[in-house]
Structures are given as structure tokens and as C-alpha cells.
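Here's my_file09.pdb, which has PDB, C-alpha atoms, pLDDT in the B column:
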```
ATOM      1  CA  MET A   1      91.367 106.330  88.684  1.00 44.00           C
ATOM      2  CA  ASP A   2      91.147 108.853  91.509  1.00 45.00           C
ATOM      3  CA  ASP A   3      94.421 110.746  91.894  1.00 45.00           C
ATOM      4  CA  SER A   4      93.580 111.951  95.411  1.00 43.00           C
ATOM      5  CA  SER A   5      95.767 110.929  98.359  1.00 45.00           C
ATOM      6  CA  PRO A   6      94.908 107.568  99.958  1.00 48.00           C
ATOM      7  CA  PRO A   7      92.943 107.855 103.204  1.00 53.00           C
ATOM      8  CA  VAL A   8      94.819 107.207 106.457  1.00 49.00           C
ATOM      9  CA  ALA A   9      92.646 104.185 107.273  1.00 50.00           C
ATOM     10  CA  PHE A  10      93.580 102.593 103.948  1.00 42.00           C
ATOM     11  CA  ILE A  11      97.283 103.237 104.595  1.00 43.00           C
ATOM     12  CA  LEU A  12      96.995 101.667 108.042  1.00 43.00           C
ATOM     13  CA  LEU A  13      95.346  98.614 106.496  1.00 41.00           C
ATOM     14  CA  LEU A  14      98.197  98.244 104.022  1.00 41.00           C
ATOM     15  CA  CYS A  15     100.755  98.661 106.807  1.00 41.00           C
ATOM     16  CA  THR A  16      99.060  95.857 108.698  1.00 36.00           C
ATOM     17  CA  LEU A  17      98.291  93.419 105.894  1.00 37.00           C
ATOM     18  CA  GLY A  18     100.850  94.308 103.253  1.00 35.00           C
ATOM     19  CA  ASP A  19     100.025  94.242  99.533  1.00 34.00           C
ATOM     20  CA  ILE A  20      96.802  92.247  99.563  1.00 30.00           C
ATOM     21  CA  GLY A  21      96.180  92.659  95.830  1.00 34.00           C
ATOM     22  CA  SER A  22      99.031  90.610  94.431  1.00 36.00           C
ATOM     23  CA  ALA A  23     100.283  87.074  94.738  1.00 39.00           C
ATOM     24  CA  ALA A  24     103.916  86.024  94.878  1.00 41.00           C
ATOM     25  CA  SER A  25     105.535  85.070  91.594  1.00 48.00           C
ATOM     26  CA  ALA A  26     106.561  81.451  91.135  1.00 53.00           C
ATOM     27  CA  ASP A  27     109.888  82.402  89.611  1.00 55.00           C
ATOM     28  CA  THR A  28     112.239  85.290  88.948  1.00 83.00           C
ATOM     29  CA  PRO A  29     111.483  87.583  86.000  1.00 91.00           C
ATOM     30  CA  PRO A  30     112.746  86.340  82.637  1.00 93.00           C
ATOM     31  CA  ARG A  31     114.818  88.562  80.391  1.00 94.00           C
ATOM     32  CA  PRO A  32     112.691  91.443  79.092  1.00 96.00           C
ATOM     33  CA  GLY A  33     111.624  91.422  75.492  1.00 97.00           C
ATOM     34  CA  SER A  34     111.169  94.400  73.199  1.00 98.00           C
ATOM     35  CA  TRP A  35     108.679  94.295  70.358  1.00 98.00           C
ATOM     36  CA  GLU A  36     107.703  96.551  67.471  1.00 98.00           C
ATOM     37  CA  VAL A  37     104.288  95.105  66.757  1.00 97.00           C
ATOM     38  CA  SER A  38     102.860  95.361  63.255  1.00 96.00           C
ATOM     39  CA  ASP A  39      99.713  94.242  61.448  1.00 94.00           C
ATOM     40  CA  ASN A  40      99.461  92.008  58.361  1.00 93.00           C
ATOM     41  CA  GLN A  41     100.407  94.950  56.131  1.00 93.00           C
ATOM     42  CA  GLY A  42     103.608  95.533  58.102  1.00 94.00           C
ATOM     43  CA  ARG A  43     102.372  98.754  59.698  1.00 95.00           C
ATOM     44  CA  VAL A  44     103.961  99.198  63.138  1.00 96.00           C
ATOM     45  CA  CYS A  45     101.408 100.502  65.627  1.00 98.00           C
ATOM     46  CA  MET A  46     102.606  99.217  69.023  1.00 98.00           C
ATOM     47  CA  LEU A  47     105.913  99.527  70.901  1.00 98.00           C
ATOM     48  CA  LEU A  48     106.103  97.207  73.916  1.00 98.00           C
ATOM     49  CA  SER A  49     108.878  96.170  76.276  1.00 98.00           C
ATOM     50  CA  PHE A  50     108.464  94.011  79.409  1.00 98.00           C
ATOM     51  CA  SER A  51     109.219  90.753  81.211  1.00 97.00           C
ATOM     52  CA  ALA A  52     106.315  88.346  81.658  1.00 98.00           C
ATOM     53  CA  GLN A  53     105.469  84.857  82.789  1.00 96.00           C
ATOM     54  CA  ILE A  54     102.410  82.690  83.251  1.00 96.00           C
ATOM     55  CA  SER A  55     102.286  80.916  86.606  1.00 94.00           C
ATOM     56  CA  VAL A  56     100.085  77.820  86.293  1.00 93.00           C
ATOM     57  CA  HIS A  57      98.702  76.395  89.527  1.00 86.00           C
ATOM     58  CA  GLU A  58      95.739  74.321  88.410  1.00 72.00           C
ATOM     59  CA  LYS A  59      93.422  73.259  91.191  1.00 65.00           C
ATOM     60  CA  THR A  60      92.789  69.773  89.745  1.00 60.00           C
ATOM     61  CA  ALA A  61      94.513  67.016  91.735  1.00 54.00           C
ATOM     62  CA  GLY A  62      97.636  65.623  90.107  1.00 57.00           C
ATOM     63  CA  HIS A  63      98.514  68.780  88.169  1.00 64.00           C
ATOM     64  CA  GLU A  64     101.986  70.180  88.659  1.00 68.00           C
ATOM     65  CA  ASN A  65     102.619  73.858  89.206  1.00 81.00           C
ATOM     66  CA  ARG A  66     104.793  75.325  86.479  1.00 88.00           C
ATOM     67  CA  VAL A  67     106.104  78.631  85.239  1.00 92.00           C
ATOM     68  CA  LEU A  68     105.905  79.569  81.558  1.00 94.00           C
ATOM     69  CA  ASN A  69     108.087  82.489  80.507  1.00 95.00           C
ATOM     70  CA  ILE A  70     107.216  84.825  77.668  1.00 97.00           C
ATOM     71  CA  LEU A  71     110.612  84.930  75.956  1.00 96.00           C
ATOM     72  CA  PRO A  72     112.130  87.853  74.011  1.00 96.00           C
ATOM     73  CA  SER A  73     112.188  85.597  70.938  1.00 95.00           C
ATOM     74  CA  TYR A  74     108.399  85.264  70.869  1.00 97.00           C
ATOM     75  CA  ASN A  75     106.536  86.592  67.861  1.00 96.00           C
ATOM     76  CA  SER A  76     103.947  89.323  68.264  1.00 97.00           C
ATOM     77  CA  LYS A  77     100.998  90.279  66.101  1.00 95.00           C
ATOM     78  CA  THR A  78      98.158  92.777  66.140  1.00 97.00           C
ATOM     79  CA  SER A  79      95.433  94.152  63.908  1.00 94.00           C
ATOM     80  CA  CYS A  80      96.173  97.824  64.754  1.00 96.00           C
ATOM     81  CA  LEU A  81      92.464  98.392  65.336  1.00 96.00           C
ATOM     82  CA  THR A  82      90.966 101.026  67.632  1.00 95.00           C
ATOM     83  CA  PRO A  83      89.478 101.641  70.110  1.00 97.00           C
ATOM     84  CA  TYR A  84      90.285  98.078  71.286  1.00 98.00           C
ATOM     85  CA  ARG A  85      93.743  96.928  70.225  1.00 98.00           C
ATOM     86  CA  GLU A  86      94.979  93.464  71.127  1.00 97.00           C
ATOM     87  CA  VAL A  87      98.422  91.924  70.790  1.00 98.00           C
ATOM     88  CA  ILE A  88      99.290  88.226  70.972  1.00 97.00           C
ATOM     89  CA  PHE A  89     102.695  86.814  71.929  1.00 98.00           C
ATOM     90  CA  ALA A  90     103.524  83.236  70.944  1.00 97.00           C
ATOM     91  CA  PRO A  91     106.626  81.069  70.337  1.00 95.00           C
ATOM     92  CA  SER A  92     108.308  81.718  67.013  1.00 89.00           C
ATOM     93  CA  SER A  93     108.863  78.015  66.241  1.00 82.00           C
ATOM     94  CA  GLY A  94     108.097  74.544  67.525  1.00 74.00           C
ATOM     95  CA  THR A  95     105.259  74.435  70.033  1.00 81.00           C
ATOM     96  CA  SER A  96     102.420  76.950  69.757  1.00 89.00           C
ATOM     97  CA  TYR A  97     102.188  77.504  73.518  1.00 94.00           C
ATOM     98  CA  PRO A  98     102.193  79.332  75.836  1.00 96.00           C
ATOM     99  CA  LYS A  99     100.472  82.438  74.505  1.00 97.00           C
ATOM    100  CA  LEU A 100      99.833  85.795  76.120  1.00 98.00           C
ATOM    101  CA  GLN A 101      97.265  88.292  74.879  1.00 98.00           C
ATOM    102  CA  LEU A 102      96.970  91.893  76.063  1.00 98.00           C
ATOM    103  CA  THR A 103      94.118  94.194  75.060  1.00 98.00           C
ATOM    104  CA  PHE A 104      94.307  97.973  75.336  1.00 98.00           C
ATOM    105  CA  TYR A 105      91.447 100.444  75.075  1.00 98.00           C
ATOM    106  CA  LEU A 106      91.757 103.985  73.706  1.00 98.00           C
ATOM    107  CA  ASP A 107      89.047 106.340  74.925  1.00 98.00           C
ATOM    108  CA  PRO A 108      88.166 108.363  71.816  1.00 97.00           C
ATOM    109  CA  ILE A 109      86.838 111.286  73.879  1.00 97.00           C
ATOM    110  CA  LYS A 110      89.422 111.610  76.656  1.00 97.00           C
ATOM    111  CA  GLN A 111      92.301 110.371  74.442  1.00 98.00           C
ATOM    112  CA  VAL A 112      93.687 108.148  77.180  1.00 98.00           C
ATOM    113  CA  TYR A 113      94.384 104.428  77.104  1.00 98.00           C
ATOM    114  CA  THR A 114      94.049 101.572  79.578  1.00 98.00           C
ATOM    115  CA  MET A 115      94.841  97.847  79.675  1.00 98.00           C
ATOM    116  CA  ALA A 116      91.436  96.179  79.568  1.00 98.00           C
ATOM    117  CA  LYS A 117      92.041  92.424  79.230  1.00 98.00           C
ATOM    118  CA  VAL A 118      94.716  89.804  79.908  1.00 98.00           C
ATOM    119  CA  VAL A 119      94.485  86.308  78.418  1.00 98.00           C
ATOM    120  CA  ALA A 120      96.827  83.353  78.966  1.00 97.00           C
ATOM    121  CA  GLN A 121      96.823  80.093  77.034  1.00 96.00           C
ATOM    122  CA  TRP A 122      98.891  76.996  77.767  1.00 94.00           C
ATOM    123  CA  TYR A 123      98.881  73.330  76.808  1.00 89.00           C
ATOM    124  CA  ASP A 124      97.172  71.007  79.287  1.00 82.00           C
ATOM    125  CA  ALA A 125      98.771  67.585  78.928  1.00 79.00           C
ATOM    126  CA  SER A 126      96.084  65.822  80.992  1.00 75.00           C
ATOM    127  CA  LEU A 127      93.332  67.070  78.677  1.00 76.00           C
ATOM    128  CA  ASP A 128      95.586  66.903  75.610  1.00 83.00           C
ATOM    129  CA  GLU A 129      94.376  70.332  74.535  1.00 87.00           C
ATOM    130  CA  PRO A 130      95.129  74.005  75.117  1.00 90.00           C
ATOM    131  CA  PHE A 131      93.632  75.657  78.165  1.00 91.00           C
ATOM    132  CA  THR A 132      92.663  79.337  78.279  1.00 94.00           C
ATOM    133  CA  GLU A 133      91.878  81.743  81.100  1.00 96.00           C
ATOM    134  CA  GLN A 134      91.335  85.500  81.040  1.00 98.00           C
ATOM    135  CA  ARG A 135      90.446  88.483  83.165  1.00 98.00           C
ATOM    136  CA  ILE A 136      88.777  91.758  82.194  1.00 98.00           C
ATOM    137  CA  SER A 137      89.142  95.039  84.076  1.00 97.00           C
ATOM    138  CA  ASP A 138      88.527  98.754  83.678  1.00 97.00           C
ATOM    139  CA  ASN A 139      92.302  99.127  83.878  1.00 98.00           C
ATOM    140  CA  PHE A 140      95.144  96.851  84.982  1.00 98.00           C
ATOM    141  CA  LEU A 141      97.552  99.786  84.802  1.00 98.00           C
ATOM    142  CA  SER A 142      97.909 102.045  87.826  1.00 97.00           C
ATOM    143  CA  ALA A 143      96.210 104.921  85.983  1.00 97.00           C
ATOM    144  CA  SER A 144      94.913 105.966  82.576  1.00 98.00           C
ATOM    145  CA  VAL A 145      97.645 107.212  80.245  1.00 98.00           C
ATOM    146  CA  ALA A 146      97.487 110.062  77.733  1.00 98.00           C
ATOM    147  CA  VAL A 147      97.695 108.584  74.235  1.00 98.00           C
ATOM    148  CA  GLU A 148     100.885 110.489  73.387  1.00 97.00           C
ATOM    149  CA  ASN A 149     102.630 109.207  76.543  1.00 98.00           C
ATOM    150  CA  SER A 150     104.178 105.835  77.284  1.00 98.00           C
ATOM    151  CA  TYR A 151     103.471 103.824  80.416  1.00 98.00           C
ATOM    152  CA  TYR A 152     106.567 102.961  82.467  1.00 98.00           C
ATOM    153  CA  CYS A 153     106.627 100.698  85.515  1.00 98.00           C
ATOM    154  CA  GLU A 154     109.437  98.582  86.973  1.00 96.00           C
ATOM    155  CA  ASP A 155     107.210  97.127  89.718  1.00 96.00           C
ATOM    156  CA  GLU A 156     105.613  93.714  89.368  1.00 96.00           C
ATOM    157  CA  MET A 157     102.019  93.596  88.167  1.00 97.00           C
ATOM    158  CA  THR A 158     100.107  90.420  89.021  1.00 97.00           C
ATOM    159  CA  VAL A 159      96.825  89.461  87.377  1.00 97.00           C
ATOM    160  CA  ASP A 160      95.028  86.463  88.898  1.00 97.00           C
ATOM    161  CA  LEU A 161      92.971  85.041  86.050  1.00 97.00           C
ATOM    162  CA  ASP A 162      89.327  84.054  86.364  1.00 96.00           C
ATOM    163  CA  GLY A 163      89.031  80.366  87.137  1.00 90.00           C
ATOM    164  CA  GLY A 164      91.934  80.383  89.560  1.00 91.00           C
ATOM    165  CA  ASP A 165      94.242  78.109  87.554  1.00 92.00           C
ATOM    166  CA  ALA A 166      96.858  80.672  86.541  1.00 95.00           C
ATOM    167  CA  SER A 167      98.281  84.135  87.125  1.00 96.00           C
ATOM    168  CA  VAL A 168     100.126  86.480  84.792  1.00 97.00           C
ATOM    169  CA  HIS A 169     103.127  88.389  86.140  1.00 97.00           C
ATOM    170  CA  MET A 170     104.695  91.375  84.368  1.00 98.00           C
ATOM    171  CA  TRP A 171     107.721  93.505  85.255  1.00 97.00           C
ATOM    172  CA  ASN A 172     109.733  96.380  83.775  1.00 97.00           C
ATOM    173  CA  MET A 173     106.921  97.537  81.538  1.00 98.00           C
ATOM    174  CA  HIS A 174     107.449 100.252  78.940  1.00 98.00           C
ATOM    175  CA  LEU A 175     104.297 100.412  76.838  1.00 98.00           C
ATOM    176  CA  GLN A 176     103.216 102.533  73.890  1.00 98.00           C
ATOM    177  CA  PRO A 177     100.225 100.522  72.645  1.00 98.00           C
ATOM    178  CA  PHE A 178      99.031 103.249  70.260  1.00 98.00           C
ATOM    179  CA  SER A 179     102.384 104.299  68.799  1.00 97.00           C
ATOM    180  CA  ASP A 180     100.663 105.379  65.585  1.00 96.00           C
ATOM    181  CA  GLU A 181      99.201 108.192  67.722  1.00 95.00           C
ATOM    182  CA  SER A 182     102.599 109.197  69.177  1.00 95.00           C
ATOM    183  CA  GLY A 183     104.663 109.604  66.028  1.00 95.00           C
ATOM    184  CA  GLY A 184     105.896 106.012  65.985  1.00 96.00           C
ATOM    185  CA  VAL A 185     108.109 106.462  69.061  1.00 97.00           C
ATOM    186  CA  TYR A 186     107.892 106.027  72.816  1.00 98.00           C
ATOM    187  CA  GLY A 187     106.345 109.190  74.205  1.00 97.00           C
ATOM    188  CA  PRO A 188     107.187 110.845  77.533  1.00 97.00           C
ATOM    189  CA  LYS A 189     107.106 108.334  80.362  1.00 98.00           C
ATOM    190  CA  GLN A 190     104.163 108.230  82.732  1.00 98.00           C
ATOM    191  CA  ASN A 191     105.425 106.357  85.776  1.00 97.00           C
ATOM    192  CA  CYS A 192     103.221 103.960  87.670  1.00 95.00           C
ATOM    193  CA  ASP A 193     102.211 104.466  91.284  1.00 81.00           C
ATOM    194  CA  SER A 194     105.059 102.666  93.023  1.00 57.00           C
ATOM    195  CA  GLY A 195     104.531 100.728  96.247  1.00 48.00           C
ATOM    196  CA  ALA A 196     107.354 102.775  97.772  1.00 42.00           C
ATOM    197  CA  TRP A 197     104.835 105.341  99.058  1.00 40.00           C
ATOM    198  CA  ILE A 198     103.304 102.646 101.279  1.00 43.00           C
ATOM    199  CA  ILE A 199     106.644 102.022 102.988  1.00 43.00           C
ATOM    200  CA  ALA A 200     107.258 105.746 103.418  1.00 43.00           C
ATOM    201  CA  ALA A 201     103.738 106.316 104.759  1.00 43.00           C
ATOM    202  CA  CYS A 202     104.036 103.417 107.215  1.00 45.00           C
ATOM    203  CA  THR A 203     107.389 104.750 108.434  1.00 48.00           C
ATOM    204  CA  LEU A 204     105.998 108.248 108.977  1.00 55.00           C
ATOM    205  CA  ILE A 205     102.928 106.907 110.757  1.00 52.00           C
ATOM    206  CA  GLY A 206     105.111 104.718 112.996  1.00 54.00           C
ATOM    207  CA  VAL A 207     107.345 107.654 113.920  1.00 48.00           C
ATOM    208  CA  GLY A 208     104.286 109.829 114.559  1.00 55.00           C
ATOM    209  CA  VAL A 209     102.657 107.254 116.835  1.00 48.00           C
ATOM    210  CA  PHE A 210     105.915 106.820 118.757  1.00 51.00           C
ATOM    211  CA  MET A 211     106.277 110.584 119.252  1.00 64.00           C
ATOM    212  CA  VAL A 212     102.672 110.882 120.483  1.00 55.00           C
ATOM    213  CA  PHE A 213     103.108 108.129 123.090  1.00 54.00           C
ATOM    214  CA  ALA A 214     106.532 109.451 124.103  1.00 61.00           C
ATOM    215  CA  GLY A 215     105.046 112.925 124.587  1.00 61.00           C
ATOM    216  CA  MET A 216     102.170 111.511 126.646  1.00 67.00           C
ATOM    217  CA  GLY A 217     104.620 109.584 128.809  1.00 59.00           C
ATOM    218  CA  VAL A 218     106.719 112.692 129.508  1.00 57.00           C
ATOM    219  CA  TYR A 219     103.595 114.731 130.295  1.00 58.00           C
ATOM    220  CA  VAL A 220     102.250 112.102 132.735  1.00 57.00           C
ATOM    221  CA  LEU A 221     105.638 111.753 134.441  1.00 64.00           C
ATOM    222  CA  LYS A 222     106.039 115.534 134.880  1.00 64.00           C
ATOM    223  CA  ARG A 223     102.467 115.882 136.199  1.00 61.00           C
ATOM    224  CA  ARG A 224     102.995 113.089 138.710  1.00 64.00           C
ATOM    225  CA  ARG A 225     106.223 114.654 139.953  1.00 62.00           C
ATOM    226  CA  ARG A 226     104.485 118.035 140.388  1.00 61.00           C
ATOM    227  CA  ASN A 227     101.679 116.394 142.377  1.00 58.00           C
ATOM    228  CA  ASP A 228     104.140 114.542 144.605  1.00 55.00           C
ATOM    229  CA  TYR A 229     106.070 117.767 145.253  1.00 48.00           C
ATOM    230  CA  ALA A 230     102.847 119.620 146.126  1.00 49.00           C
ATOM    231  CA  HIS A 231     101.930 116.956 148.685  1.00 49.00           C
ATOM    232  CA  LEU A 232     105.339 117.168 150.318  1.00 45.00           C
ATOM    233  CA  GLN A 233     105.208 120.977 150.479  1.00 53.00           C
ATOM    234  CA  GLY A 234     101.834 120.798 152.202  1.00 53.00           C
ATOM    235  CA  GLY A 235     103.018 118.342 154.876  1.00 50.00           C
ATOM    236  CA  GLY A 236     101.275 115.434 153.284  1.00 44.00           C
ATOM    237  CA  TYR A 237     102.521 112.258 151.633  1.00 39.00           C
ATOM    238  CA  PRO A 238     101.731 110.533 148.367  1.00 43.00           C
ATOM    239  CA  GLN A 239      98.721 108.313 148.947  1.00 48.00           C
ATOM    240  CA  HIS A 240      99.183 104.551 148.553  1.00 41.00           C
ATOM    241  CA  ASP A 241      96.194 102.355 149.314  1.00 45.00           C
ATOM    242  CA  SER A 242      98.207  99.333 150.414  1.00 43.00           C
ATOM    243  CA  ILE A 243     100.441 101.212 152.891  1.00 39.00           C
ATOM    244  CA  ALA A 244      99.214 102.724 156.179  1.00 41.00           C
ATOM    245  CA  GLN A 245     100.045 106.416 156.324  1.00 41.00           C
ATOM    246  CA  PRO A 246     101.756 107.879 159.437  1.00 42.00           C
ATOM    247  CA  SER A 247      99.655 110.135 161.650  1.00 41.00           C
ATOM    248  CA  THR A 248     100.334 113.866 161.460  1.00 37.00           C
ATOM    249  CA  SER A 249      98.403 114.735 164.674  1.00 39.00           C
ATOM    250  CA  ILE A 250     100.148 115.588 167.993  1.00 38.00           C
ATOM    251  CA  SER A 251      98.657 114.078 171.106  1.00 37.00           C
TER     252      SER A 251
END
```
Target format C-alpha cells, applied to this file:
Amino acid sequence: MDDSSPPVAFILLLCTLGDIGSAASADTPPRPGSWEVSDNQGRVCMLLSFSAQISVHEKTAGHENRVLNILPSYNSKTSCLTPYREVIFAPSSGTSYPKLQLTFYLDPIKQVYTMAKVVAQWYDASLDEPFTEQRISDNFLSASVAVENSYYCEDEMTVDLDGGDASVHMWNMHLQPFSDESGGVYGPKQNCDSGAWIIAACTLIGVGVFMVFAGMGVYVLKRRRRNDYAHLQGGGYPQHDSIAQPSTSIS
């Protein structure tokens, strides 16, 4: 991602339209879970903490909207592979759904990681079978993260899945998806780009616009007063088209 400052036009668009890239969550965040994710040999290679839910809003008539929370009690599993490393979260007992899968990519040259894929799976009662949707991206995180660092973000991240039947919402993320590269611990936090800068930028722009118009108003008022005074000093009067001016000649 480009780390340069956002252009003014883009900031103005955000001020006008708000956050156009995310949809509102259907529910409040569930309690965050914390997972030490290991492979089949018991080797821990991922440290992940977050709140998440799947918001199902199927377009088919008769389907009910529902919110499926990813609970702290859910099991997690991974293969610890690189450069693509996926983790699956699923209920520890009873039903097998919902499931959430996250895939991270470690660039072997730059030694930075991204979140490359999000997959949600839930049980569709009308079809009597599980239903799956996914979305792939260069990076769902706000920026690439150095492999030795952890990604930290309290803001909501919304991923609208391909197909339009569901969205995944995540909050309070603290991610170290390649913990085997960071000594088995959370590395220094790399904070996400918070939306707070948009509010601050909009406030500054609003104040600036107000000051410009206020300054223009003062300038116009002072100029008009100077012109009126000059007319009076010269024996003339301010000109008004709709009012007949008195004669200054002497007969």
C-alpha cells in the first residue's frame, strides 16, 4: 500500500459520503477470542486474537437475516505452511457450523505479510447443506506488516463476500500469523490506519473553509465602506439604481 498522504479531493469525498467501503454490522461485537494455533504435530505457529461474526443476508426470498458469532471457545487449526498459511475456526462440539477461514501470505523477498483471503461457511436450512462464500484480495489489512511485527487494530474491518449473501466483521485484531518467525511471541505492534484521521481532516478543512469565507466577507465589507466614504468626501452619493439621485447642480 502507498504510505503517502491522501489527496485533498479524496478527503473531501470521504467527508461528504462517509466510509463508503464498509457496511454496518448486524450486531455488536462478540467477546474476543485468543488462539495459539498449532498444526497436527502440535507446533504453534500462529497467535491470533480478535472478535468476529458472520452476517448472513441471503438475497433469496424467504431467507432470514442472521448473525453468527465466532466464539472464543471455537477450535482453530492450521498446517503452518508458507508462504500461504490458512487457519480455520469452527465450533468445538455439536454443530460443525459456522466456520471462518483466514489466509495470510508471507512475501519471501520483502518479508512482510498480508491477509489474502476470507472464507465463511454456514448451514443453509433451506438447501439442507452448508453454504460457502469467500473473497480474495491483495490485502485486507490496512498495510503490509513486517514478519517480526504483529498487526493491531481496534477498528472494525468489514469484508463483503463475493456472491453478496454474507459479510465478515472483525474487531480488536491482534495478529501474529507467522509467530514461528517472531520467536513464538507477539512482536511489536503495527497499528492500523484508523478512521480518526478522516474526522480530524474534515474538521480542519471545515475550519479552513470557514476562515476563508469569513476573511473574504471582512475584506468585501471594508472595501465597500472605503468606497462609500470616498463618494461622500467627493460630494457624491452611493449609487443605487432603483432610487433617483438628488441633483448637485445650482440653477
### Message
Which residues are near A:Ile136? Cut-off 10 Å, all atoms listed in the file, ignore same chain within fewer than 6 positions. Put them as JSON, numbers by chain.
### Response
{"A": [103, 115, 116, 117, 118, 119, 159, 161, 162]}
Stretch 73-90 of chain A: axis-aligned bounding box, 3 Å on each side, centre and edge lengths in Å, one decimal, as lines of an AutoDock Vina configuration file:
```
center_x = 100.8
center_y = 92.4
center_z = 67.9
size_x = 28.7
size_y = 24.4
size_z = 14.0
```
The PyMOL selection byres ((chain A and resi 141-143) around 12) on the file shown: which residues, as a compact mmCIF listing (two decimals) with C-alpha atoms, in the frame of the given file?
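Contents of expr_25.txt, freshly written:
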```
# COMPACT_ATOMS: atom_id res chain seq x y z
CA MET A 1 91.37 106.33 88.68
CA ASP A 2 91.15 108.85 91.51
CA ASP A 3 94.42 110.75 91.89
CA LEU A 102 96.97 91.89 76.06
CA THR A 103 94.12 94.19 75.06
CA PHE A 104 94.31 97.97 75.34
CA TYR A 105 91.45 100.44 75.08
CA VAL A 112 93.69 108.15 77.18
CA TYR A 113 94.38 104.43 77.10
CA THR A 114 94.05 101.57 79.58
CA MET A 115 94.84 97.85 79.68
CA ALA A 116 91.44 96.18 79.57
CA LYS A 117 92.04 92.42 79.23
CA VAL A 118 94.72 89.80 79.91
CA SER A 137 89.14 95.04 84.08
CA ASP A 138 88.53 98.75 83.68
CA ASN A 139 92.30 99.13 83.88
CA PHE A 140 95.14 96.85 84.98
CA SER A 144 94.91 105.97 82.58
CA VAL A 145 97.64 107.21 80.24
CA ALA A 146 97.49 110.06 77.73
CA SER A 150 104.18 105.84 77.28
CA TYR A 151 103.47 103.82 80.42
CA TYR A 152 106.57 102.96 82.47
CA CYS A 153 106.63 100.70 85.52
CA ASP A 155 107.21 97.13 89.72
CA GLU A 156 105.61 93.71 89.37
CA MET A 157 102.02 93.60 88.17
CA THR A 158 100.11 90.42 89.02
CA VAL A 159 96.82 89.46 87.38
CA MET A 170 104.70 91.38 84.37
CA TRP A 171 107.72 93.50 85.26
CA MET A 173 106.92 97.54 81.54
CA HIS A 174 107.45 100.25 78.94
CA LEU A 175 104.30 100.41 76.84
CA GLN A 190 104.16 108.23 82.73
CA ASN A 191 105.42 106.36 85.78
CA CYS A 192 103.22 103.96 87.67
CA ASP A 193 102.21 104.47 91.28
CA SER A 194 105.06 102.67 93.02
CA GLY A 195 104.53 100.73 96.25
```
### Query
Hey, what comes out of the PyMOL selection byres ((chain A and resi 98) around 7) on this file? Could you write it as number ranges by chain?
A: 68, 90, 96-97, 99-100, 121-123
### Query
What gap, in Å, lies between atom CA of A:Arg43 and atom CA of A:Ile109?
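Atom-to-atom, atom CA of A:Arg43 and atom CA of A:Ile109 are spaced 24.5 Å apart.
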### Task
State, in Å with one decimal place, the distance from atom CA of A:Asp180 to atom CA of A:Val44.
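Separation of atom CA of A:Asp180 and atom CA of A:Val44: 7.4 Å.
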### Task
Spell out the residues picked by the PyMOL selection byres ((chain A and resi 187) around 8) here, as a PyMOL selection string.
chain A and resi 148-150+176+182+185-186+188-189
### Query
How far is it from atom CA of A:Met46 to atom CA of A:Ser167, in Å with one decimal?
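Interatomic distance, atom CA of A:Met46 to atom CA of A:Ser167: 24.0 Å.
Nearest residue to A:Glu58 among A:Pro83, A:Gly33, A:Pro130, A:Gly164 is A:Gly164, counting only C-alpha atoms.
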### Query
Counting only C-alpha atoms, what is within 8 Å of A:Ser34, bar same-chain residues fewer than 5 positions away, as a PyMOL selection string?
chain A and resi 47-50+72
